[in-house]
>>> print(open('query_23.pdb').read())   # PDB, C-alpha atoms and all ligand atoms
ATOM      1  CA  MET A  30     113.101  92.458  88.597
ATOM      2  CA  PRO A  31     113.151  89.237  90.585
ATOM      3  CA  GLU A  32     110.826  86.600  89.147
ATOM      4  CA  LEU A  33     109.808  83.185  90.446
ATOM      5  CA  PRO A  34     113.301  81.574  90.369
ATOM      6  CA  GLU A  35     114.947  84.515  92.141
ATOM      7  CA  VAL A  36     112.243  84.742  94.822
ATOM      8  CA  GLU A  37     112.387  80.973  95.282
ATOM      9  CA  THR A  38     116.167  81.228  95.728
ATOM     10  CA  VAL A  39     115.710  83.967  98.327
ATOM     11  CA  ARG A  40     113.165  81.760 100.102
ATOM     12  CA  ARG A  41     115.518  78.784 100.140
ATOM     13  CA  SER A  42     118.392  80.876 101.455
ATOM     14  CA  LEU A  43     116.222  82.373 104.211
ATOM     15  CA  LEU A  44     114.517  79.160 105.289
ATOM     16  CA  PRO A  45     117.222  77.420 107.347
ATOM     17  CA  ALA A  46     118.303  80.681 108.967
ATOM     18  CA  LEU A  47     114.829  81.916 109.932
ATOM     19  CA  VAL A  48     112.705  78.928 110.910
ATOM     20  CA  GLY A  49     112.636  78.578 114.688
ATOM     21  CA  ARG A  50     113.930  82.109 115.247
ATOM     22  CA  ARG A  51     112.058  84.923 116.960
ATOM     23  CA  ILE A  52     111.787  88.488 115.770
ATOM     24  CA  LEU A  53     112.754  90.545 118.816
ATOM     25  CA  GLU A  54     111.816  93.894 117.347
ATOM     26  CA  VAL A  55     111.774  96.167 114.325
ATOM     27  CA  THR A  56     114.826  98.366 114.809
ATOM     28  CA  ARG A  57     114.441 100.558 111.765
ATOM     29  CA  CYS A  58     111.594 101.821 109.664
ATOM     30  CA  ALA A  59     113.305 104.530 107.662
ATOM     31  CA  TRP A  60     110.898 104.665 104.709
ATOM     32  CA  PRO A  61     107.410 104.049 106.114
ATOM     33  CA  ARG A  62     105.877 103.556 102.663
ATOM     34  CA  THR A  63     107.751 100.258 102.391
ATOM     35  CA  ILE A  64     105.237  98.996 104.974
ATOM     36  CA  ALA A  65     102.079  98.539 102.927
ATOM     37  CA  ALA A  66      99.899  97.304 105.823
ATOM     38  CA  PRO A  67      99.152  97.733 108.655
ATOM     39  CA  ALA A  68     100.250 101.287 109.562
ATOM     40  CA  PRO A  69     104.013 101.301 110.280
ATOM     41  CA  GLU A  70     103.579 101.928 114.010
ATOM     42  CA  LEU A  71     101.192  99.009 114.388
ATOM     43  CA  PHE A  72     103.430  96.880 112.150
ATOM     44  CA  CYS A  73     106.371  97.447 114.491
ATOM     45  CA  THR A  74     104.309  96.738 117.611
ATOM     46  CA  ARG A  75     102.813  93.552 116.227
ATOM     47  CA  LEU A  76     106.132  92.127 115.069
ATOM     48  CA  ARG A  77     107.655  92.336 118.516
ATOM     49  CA  ASP A  78     108.541  88.894 119.922
ATOM     50  CA  ARG A  79     106.998  86.832 117.116
ATOM     51  CA  ALA A  80     108.192  83.316 116.273
ATOM     52  CA  ILE A  81     109.029  82.413 112.663
ATOM     53  CA  LEU A  82     107.442  79.103 111.690
ATOM     54  CA  ASP A  83     108.136  78.779 107.976
ATOM     55  CA  VAL A  84     109.328  80.637 104.889
ATOM     56  CA  ALA A  85     107.174  80.044 101.817
ATOM     57  CA  ARG A  86     106.667  81.618  98.413
ATOM     58  CA  ARG A  87     103.637  82.439  96.315
ATOM     59  CA  ALA A  88     104.293  83.850  92.834
ATOM     60  CA  LYS A  89     106.891  86.596  93.372
ATOM     61  CA  TYR A  90     106.099  87.041  97.079
ATOM     62  CA  VAL A  91     108.232  85.763  99.969
ATOM     63  CA  ILE A  92     105.888  84.691 102.773
ATOM     64  CA  ILE A  93     107.365  84.446 106.280
ATOM     65  CA  HIS A  94     104.829  82.604 108.432
ATOM     66  CA  LEU A  95     104.663  83.732 112.062
ATOM     67  CA  ASP A  96     102.951  82.373 115.138
ATOM     68  CA  GLY A  97      99.486  83.784 115.736
ATOM     69  CA  ASP A  98      98.362  82.872 112.204
ATOM     70  CA  GLU A  99      99.937  85.865 110.529
ATOM     71  CA  ALA A 100     102.638  86.256 107.900
ATOM     72  CA  LEU A 101     105.123  88.824 106.727
ATOM     73  CA  VAL A 102     104.659  89.106 102.981
ATOM     74  CA  VAL A 103     107.479  90.722 101.001
ATOM     75  CA  HIS A 104     107.369  91.811  97.366
ATOM     76  CA  LEU A 105     110.865  92.720  96.181
ATOM     77  CA  ARG A 106     109.668  94.449  92.973
ATOM     78  CA  MET A 107     112.580  96.185  91.172
ATOM     79  CA  THR A 108     115.492  96.373  93.582
ATOM     80  CA  GLY A 109     114.260  95.024  96.930
ATOM     81  CA  ARG A 110     116.582  92.693  98.754
ATOM     82  CA  LEU A 111     116.171  90.660 101.956
ATOM     83  CA  THR A 112     119.555  90.111 103.550
ATOM     84  CA  LEU A 113     120.716  88.349 106.720
ATOM     85  CA  VAL A 114     123.493  90.316 108.354
ATOM     86  CA  ALA A 115     125.603  90.278 111.491
ATOM     87  CA  PRO A 116     124.292  91.836 114.731
ATOM     88  CA  ASP A 117     126.657  94.788 114.438
ATOM     89  CA  ALA A 118     125.960  95.499 110.752
ATOM     90  CA  THR A 119     124.926  99.088 110.180
ATOM     91  CA  PRO A 120     122.033  99.809 107.842
ATOM     92  CA  ASP A 121     122.871 102.110 104.934
ATOM     93  CA  GLN A 122     120.567 104.777 103.502
ATOM     94  CA  HIS A 123     118.759 102.229 101.316
ATOM     95  CA  THR A 124     117.924  99.888 104.207
ATOM     96  CA  HIS A 125     114.326 100.825 104.910
ATOM     97  CA  VAL A 126     113.327  98.124 107.398
ATOM     98  CA  ALA A 127     115.496  96.157 109.830
ATOM     99  CA  LEU A 128     114.461  93.323 112.146
ATOM    100  CA  ARG A 129     116.507  92.068 115.089
ATOM    101  CA  LEU A 130     116.385  88.306 115.529
ATOM    102  CA  ASP A 131     117.035  86.237 118.650
ATOM    103  CA  ASP A 132     120.184  84.591 117.252
ATOM    104  CA  GLU A 133     122.530  87.533 116.880
ATOM    105  CA  ARG A 134     121.450  88.275 113.326
ATOM    106  CA  GLN A 135     119.465  91.027 111.687
ATOM    107  CA  LEU A 136     117.216  90.828 108.643
ATOM    108  CA  PHE A 137     117.524  93.913 106.441
ATOM    109  CA  PHE A 138     115.135  94.981 103.725
ATOM    110  CA  ARG A 139     117.164  97.114 101.363
ATOM    111  CA  ASP A 140     115.587  98.762  98.323
ATOM    112  CA  PRO A 141     117.244 101.688  96.481
ATOM    113  CA  ARG A 142     114.292 102.236  94.115
ATOM    114  CA  LYS A 143     111.725 101.959  96.934
ATOM    115  CA  PHE A 144     109.118 100.020  94.933
ATOM    116  CA  GLY A 145     109.272  96.954  97.220
ATOM    117  CA  ARG A 146     106.515  96.415  99.772
ATOM    118  CA  ILE A 147     105.995  94.492 103.025
ATOM    119  CA  TRP A 148     102.657  93.476 104.518
ATOM    120  CA  LEU A 149     101.735  91.808 107.795
ATOM    121  CA  LEU A 150      98.723  89.728 106.794
ATOM    122  CA  ASP A 151      96.357  87.492 108.704
ATOM    123  CA  ARG A 152      94.825  84.341 107.270
ATOM    124  CA  ASP A 153      92.106  86.263 105.400
ATOM    125  CA  GLY A 154      94.655  88.647 103.926
ATOM    126  CA  LEU A 155      96.749  85.741 102.695
ATOM    127  CA  ALA A 156      93.660  84.106 101.184
ATOM    128  CA  ARG A 157      92.825  87.351  99.360
ATOM    129  CA  LEU A 158      96.352  87.555  97.968
ATOM    130  CA  ASP A 159      96.192  83.923  96.899
ATOM    131  CA  GLY A 160      92.862  84.534  95.175
ATOM    132  CA  GLN A 161      94.367  87.291  93.021
ATOM    133  CA  LEU A 162      97.026  84.971  91.625
ATOM    134  CA  GLY A 163      96.903  82.241  89.022
ATOM    135  CA  PRO A 164      98.329  78.776  89.617
ATOM    136  CA  GLU A 165     101.991  78.152  90.359
ATOM    137  CA  PRO A 166     103.664  76.952  87.144
ATOM    138  CA  LEU A 167     105.715  74.321  88.986
ATOM    139  CA  ASP A 168     102.861  73.016  91.119
ATOM    140  CA  GLU A 169     102.062  69.388  90.337
ATOM    141  CA  THR A 170      98.365  70.247  90.117
ATOM    142  CA  LEU A 171      99.111  72.401  87.060
ATOM    143  CA  THR A 172      99.221  69.523  84.588
ATOM    144  CA  ALA A 173      99.581  69.950  80.832
ATOM    145  CA  ALA A 174      95.815  69.469  80.538
ATOM    146  CA  ALA A 175      95.143  72.114  83.199
ATOM    147  CA  PHE A 176      97.497  74.557  81.439
ATOM    148  CA  ARG A 177      95.733  73.912  78.120
ATOM    149  CA  ALA A 178      92.373  74.585  79.770
ATOM    150  CA  LEU A 179      93.687  77.858  81.260
ATOM    151  CA  LEU A 180      94.906  79.139  77.902
ATOM    152  CA  ARG A 181      91.812  77.974  76.027
ATOM    153  CA  ARG A 182      89.703  80.236  78.212
ATOM    154  CA  ARG A 183      91.697  83.305  77.202
ATOM    155  CA  THR A 184      92.153  85.465  74.133
ATOM    156  CA  GLY A 185      94.984  87.809  73.284
ATOM    157  CA  ARG A 186      98.645  87.590  72.480
ATOM    158  CA  LEU A 187     101.019  85.218  74.157
ATOM    159  CA  LYS A 188     103.562  87.347  75.935
ATOM    160  CA  PRO A 189     101.092  89.682  77.692
ATOM    161  CA  LEU A 190      99.185  86.576  78.821
ATOM    162  CA  LEU A 191     102.312  84.979  80.259
ATOM    163  CA  LEU A 192     103.032  88.178  82.196
ATOM    164  CA  ASP A 193      99.488  88.271  83.624
ATOM    165  CA  GLN A 194      99.887  87.051  87.219
ATOM    166  CA  ARG A 195      96.167  86.193  87.359
ATOM    167  CA  LEU A 196      96.613  83.621  84.584
ATOM    168  CA  ILE A 197      99.843  82.042  85.770
ATOM    169  CA  ALA A 198     101.890  83.307  88.704
ATOM    170  CA  GLY A 199     105.576  84.125  88.872
ATOM    171  CA  LEU A 200     106.670  84.744  85.294
ATOM    172  CA  GLY A 201     108.190  88.087  84.325
ATOM    173  CA  ASN A 202     110.004  89.485  81.334
ATOM    174  CA  ILE A 203     113.063  87.232  81.407
ATOM    175  CA  TYR A 204     111.372  83.864  81.729
ATOM    176  CA  ALA A 205     108.467  84.723  79.400
ATOM    177  CA  ASP A 206     111.016  85.467  76.644
ATOM    178  CA  GLU A 207     113.042  82.353  77.418
ATOM    179  CA  ALA A 208     109.977  80.073  77.470
ATOM    180  CA  LEU A 209     108.623  81.466  74.185
ATOM    181  CA  TRP A 210     112.005  80.940  72.499
ATOM    182  CA  GLN A 211     112.234  77.395  73.806
ATOM    183  CA  ALA A 212     108.686  76.632  72.571
ATOM    184  CA  ARG A 213     109.421  78.342  69.193
ATOM    185  CA  LEU A 214     106.486  80.725  69.628
ATOM    186  CA  HIS A 215     106.314  84.407  68.711
ATOM    187  CA  PRO A 216     105.370  86.705  71.615
ATOM    188  CA  LEU A 217     102.622  88.338  69.516
ATOM    189  CA  GLN A 218     101.095  85.010  68.514
ATOM    190  CA  SER A 219      97.371  84.912  69.250
ATOM    191  CA  VAL A 220      96.598  82.271  71.872
ATOM    192  CA  ALA A 221      93.404  81.312  70.018
ATOM    193  CA  GLN A 222      95.490  80.176  67.049
ATOM    194  CA  LEU A 223      97.684  77.779  69.010
ATOM    195  CA  SER A 224      97.436  74.027  68.466
ATOM    196  CA  ASP A 225      97.308  71.704  71.473
ATOM    197  CA  GLU A 226     100.857  70.639  70.597
ATOM    198  CA  GLN A 227     102.048  74.262  70.720
ATOM    199  CA  ILE A 228     100.398  74.821  74.110
ATOM    200  CA  ASP A 229     101.998  71.626  75.392
ATOM    201  CA  ALA A 230     105.383  72.838  74.133
ATOM    202  CA  LEU A 231     104.865  76.150  75.938
ATOM    203  CA  TYR A 232     103.862  74.341  79.147
ATOM    204  CA  ALA A 233     107.010  72.224  79.035
ATOM    205  CA  ALA A 234     109.154  75.267  78.212
ATOM    206  CA  VAL A 235     107.773  77.391  81.054
ATOM    207  CA  ARG A 236     108.473  74.663  83.588
ATOM    208  CA  ASP A 237     111.864  73.860  82.136
ATOM    209  CA  VAL A 238     113.206  77.430  82.111
ATOM    210  CA  LEU A 239     111.974  78.034  85.675
ATOM    211  CA  GLN A 240     113.423  74.779  87.015
ATOM    212  CA  ARG A 241     116.730  75.407  85.281
ATOM    213  CA  SER A 242     116.977  78.906  86.693
ATOM    214  CA  ILE A 243     116.151  77.736  90.214
ATOM    215  CA  ALA A 244     118.923  75.133  89.863
ATOM    216  CA  ASN A 245     121.204  78.030  88.836
ATOM    217  CA  ARG A 246     119.972  80.106  91.816
ATOM    218  CA  GLY A 247     118.349  82.787  89.657
ATOM    219  CA  THR A 248     119.483  85.410  87.175
ATOM    220  CA  THR A 249     121.578  88.347  88.382
ATOM    221  CA  PHE A 250     122.019  91.288  86.003
ATOM    222  CA  ALA A 251     122.345  94.017  88.584
ATOM    223  CA  ASP A 252     120.542  94.038  91.923
ATOM    224  CA  TYR A 253     119.282  90.576  92.652
ATOM    225  CA  ARG A 254     121.067  88.650  95.440
ATOM    226  CA  ASP A 255     120.014  85.835  97.760
ATOM    227  CA  ALA A 256     119.698  86.296 101.534
ATOM    228  CA  TRP A 257     123.473  85.932 101.965
ATOM    229  CA  GLY A 258     124.283  88.507  99.297
ATOM    230  CA  LEU A 259     125.261  85.927  96.678
ATOM    231  CA  ARG A 260     124.601  86.423  92.962
ATOM    232  CA  GLY A 261     122.696  83.899  90.838
ATOM    233  CA  ASP A 262     124.344  82.036  87.958
ATOM    234  CA  ASN A 263     121.521  81.759  85.442
ATOM    235  CA  GLN A 264     122.479  84.862  83.411
ATOM    236  CA  SER A 265     125.038  82.809  81.482
ATOM    237  CA  ALA A 266     122.387  80.169  80.671
ATOM    238  CA  LEU A 267     119.908  82.548  78.997
ATOM    239  CA  ASN A 268     119.196  81.875  75.318
ATOM    240  CA  VAL A 269     117.540  85.119  74.166
ATOM    241  CA  TYR A 270     116.888  87.537  77.022
ATOM    242  CA  GLY A 271     119.369  90.430  76.978
ATOM    243  CA  ARG A 272     121.178  88.895  73.968
ATOM    244  CA  ALA A 273     120.034  91.200  71.136
ATOM    245  CA  GLY A 274     122.430  90.930  68.186
ATOM    246  CA  GLN A 275     124.075  87.769  69.463
ATOM    247  CA  PRO A 276     123.535  84.448  67.654
ATOM    248  CA  CYS A 277     120.529  82.271  68.476
ATOM    249  CA  PRO A 278     121.941  79.171  70.225
ATOM    250  CA  ARG A 279     119.722  76.986  68.010
ATOM    251  CA  CYS A 280     120.179  78.437  64.498
ATOM    252  CA  GLY A 281     122.788  81.217  64.671
ATOM    253  CA  THR A 282     120.448  84.018  63.522
ATOM    254  CA  PRO A 283     121.044  87.260  65.447
ATOM    255  CA  ILE A 284     118.553  87.693  68.305
ATOM    256  CA  ALA A 285     116.151  90.596  67.671
ATOM    257  CA  ARG A 286     114.698  92.974  70.224
ATOM    258  CA  LEU A 287     111.164  94.309  69.932
ATOM    259  CA  VAL A 288     108.726  95.925  72.332
ATOM    260  CA  VAL A 289     105.632  93.987  73.424
ATOM    261  CA  ALA A 290     103.283  95.337  76.096
ATOM    262  CA  GLN A 291     105.858  98.092  76.785
ATOM    263  CA  ARG A 292     108.453  95.480  77.648
ATOM    264  CA  GLY A 293     111.733  94.856  75.865
ATOM    265  CA  THR A 294     111.267  91.470  74.209
ATOM    266  CA  HIS A 295     113.882  89.164  72.731
ATOM    267  CA  ILE A 296     113.253  86.633  69.972
ATOM    268  CA  CYS A 297     114.960  84.622  67.279
ATOM    269  CA  PRO A 298     113.245  85.810  64.064
ATOM    270  CA  VAL A 299     113.814  82.392  62.447
ATOM    271  CA  CYS A 300     112.930  80.030  65.313
ATOM    272  CA  GLN A 301     109.936  82.169  66.333
ATOM    273  CA  PRO A 302     108.342  83.185  63.019
ATOM    274  CA  CYS A 303     105.727  85.913  62.941
ATOM    275  CA  SER A 304     102.780  84.125  61.324
ATOM    276  CA  PRO A 305      99.749  85.817  59.666
ATOM    277  CA  ALA A 306      97.612  84.367  62.464
ATOM    278  CA  HIS A 307      98.906  87.097  64.784
ATOM    279  CA  ASP A 308      96.084  89.426  63.911
ATOM    280  CA  ALA A 309      93.407  86.900  64.744
TER     281      ALA A 309
HETATM  282 ZN    ZN B 401     116.985  80.570  66.082
END
>>> encode(input="query_23.pdb", output="structure tokens")
Amino acid sequence: MPELPEVETVRRSLLPALVGRRILEVTRCAWPRTIAAPAPELFCTRLRDRAILDVARRAKYVIIHLDGDEALVVHLRMTGRLTLVAPDATPDQHTHVALRLDDERQLFFRDPRKFGRIWLLDRDGLARLDGQLGPEPLDETLTAAAFRALLRRRTGRLKPLLLDQRLIAGLGNIYADEALWQARLHPLQSVAQLSDEQIDALYAAVRDVLQRSIANRGTTFADYRDAWGLRGDNQSALNVYGRAGQPCPRCGTPIARLVVAQRGTHICPVCQPCSPAHDA
């Protein structure tokens, strides 16, 4: 599932191609449930002849700002993909929404698993979405002190907290595992038992793994592509995620796989010891 670095890469690949363009019309709405709001018919009417002002991101959402103070908000979820294609490209069965632009291109939303969603939101809708999400981990306002304060207000185990979009926005299974490995913390560690130094290490690790993956244009295992259909390169830079049985890059111990919060979780049993404090 695309996480912050993949969605940011999609945003960056869309930005130069979309800003300044107009959406002429929605030419295909083959799976109406992809349109979360408003009703698909209204969605198509309201998108006609709208100018694209900016392409932003919040957490794992791509936000395409339009004139008239509204925005197209896209959540890719499992297999969703936003792709820029030629004017004569034909949508396949998995292309649920297609937009025709004023520059001879089309923007396809393709999603074989159909979990992805698109909203047309006004300013209040965007504010509501923003209010449901924790701070952006790479935002300069999220200092080490602010991160410490966030975690000190919470109880529970580390990995489920990192996956909670209301605490911190944009992390998913891959980057939570990578950050915990880098910070030498066990995913079941109780947050209440962490020292300030451990929280600082986690803060640095979260930012580092996200920045590195953005530089590598995201992690592609199967479905994820940018807006031009290109794969990311970060899969070869992962230290633990998806590497069960392979040696830990730090100590050589085979990476172990466990299940935390119903998610496959990858750790080095030596670098990330399971301390008695876990039950606290
Ligand atoms: Zn290790």
>>> resolve_selection(input="query_23.pdb", expression="the PyMOL selection byres (((chain A and resi 272) around 9) and not hetatm)", output="PDB file with C-alpha atoms, in the coordinates of the input")
ATOM      1  CA  LEU A 267     119.908  82.548  78.997  1.00  0.00           C
ATOM      2  CA  ASN A 268     119.196  81.875  75.318  1.00  0.00           C
ATOM      3  CA  VAL A 269     117.540  85.119  74.166  1.00  0.00           C
ATOM      4  CA  TYR A 270     116.888  87.537  77.022  1.00  0.00           C
ATOM      5  CA  GLY A 271     119.369  90.430  76.978  1.00  0.00           C
ATOM      6  CA  ALA A 273     120.034  91.200  71.136  1.00  0.00           C
ATOM      7  CA  GLY A 274     122.430  90.930  68.186  1.00  0.00           C
ATOM      8  CA  GLN A 275     124.075  87.769  69.463  1.00  0.00           C
ATOM      9  CA  PRO A 276     123.535  84.448  67.654  1.00  0.00           C
ATOM     10  CA  CYS A 277     120.529  82.271  68.476  1.00  0.00           C
ATOM     11  CA  PRO A 283     121.044  87.260  65.447  1.00  0.00           C
ATOM     12  CA  ILE A 284     118.553  87.693  68.305  1.00  0.00           C
ATOM     13  CA  ALA A 285     116.151  90.596  67.671  1.00  0.00           C
ATOM     14  CA  ARG A 286     114.698  92.974  70.224  1.00  0.00           C
ATOM     15  CA  HIS A 295     113.882  89.164  72.731  1.00  0.00           C
TER      16      HIS A 295
END
>>> residues_near_ligand(input="query_23.pdb", ligand="ligand ZN 401 (chain B)", cutoff="7 Å", atoms="only C-alpha atoms and all ligand atoms", output="ChimeraX atom specification")
/A:277-282,297-300
>>> write_last_selection(input="query_23.pdb", atoms="C-alpha atoms", output="PDB file, in the frame of the given file")
ATOM      1  CA  CYS A 277     120.529  82.271  68.476  1.00  0.00           C
ATOM      2  CA  PRO A 278     121.941  79.171  70.225  1.00  0.00           C
ATOM      3  CA  ARG A 279     119.722  76.986  68.010  1.00  0.00           C
ATOM      4  CA  CYS A 280     120.179  78.437  64.498  1.00  0.00           C
ATOM      5  CA  GLY A 281     122.788  81.217  64.671  1.00  0.00           C
ATOM      6  CA  THR A 282     120.448  84.018  63.522  1.00  0.00           C
ATOM      7  CA  CYS A 297     114.960  84.622  67.279  1.00  0.00           C
ATOM      8  CA  PRO A 298     113.245  85.810  64.064  1.00  0.00           C
ATOM      9  CA  VAL A 299     113.814  82.392  62.447  1.00  0.00           C
ATOM     10  CA  CYS A 300     112.930  80.030  65.313  1.00  0.00           C
TER      11      CYS A 300
END
>>> atom_distance(input="query_23.pdb", atom1="CA of Arg129 (chain A)", atom2="CA of Val103 (chain A)")
16.8 Å
>>> resolve_selection(input="query_23.pdb", expression="the PyMOL selection byres (((chain A and resi 108) around 12) and not hetatm)", output="MDAnalysis selection string")
chainID A and resid 30:32 35 104:107 109:111 123:124 138:146 249:254
>>> resolve_selection(input="query_23.pdb", expression="the PyMOL selection byres (((chain A and resi 33) around 9) and not hetatm)", output="ChimeraX atom specification")
/A:31-32,34-38,86-90,198-201,204,239,243,247
>>> atom_distance(input="query_23.pdb", atom1="CA of Arg183 (chain A)", atom2="CA of Leu155 (chain A)")
26.1 Å
>>> residues_around(input="query_23.pdb", residues="Asn263 (chain A)", least_positions_apart="2", cutoff="7 Å", atoms="all atoms listed in the file", output="ChimeraX atom specification")
/A:242,245-248,261,265-267
>>> build_atoms(input="query_23.pdb", residues="region 149-161 of chain A", atoms="N, CA, C and O atoms", output="CSV table (one decimal), keeping the file's coordinate frame")
chain,number,residue,atom,x,y,z
A,149,LEU,N,102.0,92.8,106.8
A,149,LEU,CA,101.7,91.8,107.8
A,149,LEU,C,100.3,91.4,107.6
A,149,LEU,O,99.4,92.2,107.8
A,150,LEU,N,100.1,90.2,107.2
A,150,LEU,CA,98.7,89.7,106.8
A,150,LEU,C,98.3,88.6,107.7
A,150,LEU,O,99.0,87.8,108.1
A,151,ASP,N,96.9,88.6,108.0
A,151,ASP,CA,96.4,87.5,108.7
A,151,ASP,C,95.9,86.5,107.7
A,151,ASP,O,96.1,86.6,106.5
A,152,ARG,N,95.2,85.4,108.2
A,152,ARG,CA,94.8,84.3,107.3
A,152,ARG,C,93.9,84.8,106.1
A,152,ARG,O,94.1,84.4,105.0
A,153,ASP,N,93.0,85.7,106.4
A,153,ASP,CA,92.1,86.3,105.4
A,153,ASP,C,92.9,87.1,104.4
A,153,ASP,O,92.6,87.0,103.2
A,154,GLY,N,93.8,87.9,104.9
A,154,GLY,CA,94.7,88.6,103.9
A,154,GLY,C,95.5,87.8,103.0
A,154,GLY,O,95.6,88.0,101.8
A,155,LEU,N,96.0,86.7,103.5
A,155,LEU,CA,96.7,85.7,102.7
A,155,LEU,C,95.8,85.1,101.7
A,155,LEU,O,96.2,84.9,100.5
A,156,ALA,N,94.6,84.7,102.1
A,156,ALA,CA,93.7,84.1,101.2
A,156,ALA,C,93.3,85.1,100.1
A,156,ALA,O,93.1,84.7,98.9
A,157,ARG,N,93.1,86.4,100.4
A,157,ARG,CA,92.8,87.4,99.4
A,157,ARG,C,94.0,87.5,98.4
A,157,ARG,O,93.7,87.5,97.1
A,158,LEU,N,95.2,87.5,98.9
A,158,LEU,CA,96.4,87.6,98.0
A,158,LEU,C,96.4,86.3,97.1
A,158,LEU,O,96.5,86.4,95.8
A,159,ASP,N,96.2,85.2,97.7
A,159,ASP,CA,96.2,83.9,96.9
A,159,ASP,C,95.1,83.9,95.8
A,159,ASP,O,95.4,83.5,94.7
A,160,GLY,N,94.0,84.5,96.1
A,160,GLY,CA,92.9,84.5,95.2
A,160,GLY,C,93.1,85.4,94.0
A,160,GLY,O,92.5,85.3,92.9
A,161,GLN,N,94.1,86.4,94.1
A,161,GLN,CA,94.4,87.3,93.0
A,161,GLN,C,95.4,86.7,92.1
A,161,GLN,O,95.7,87.3,91.0
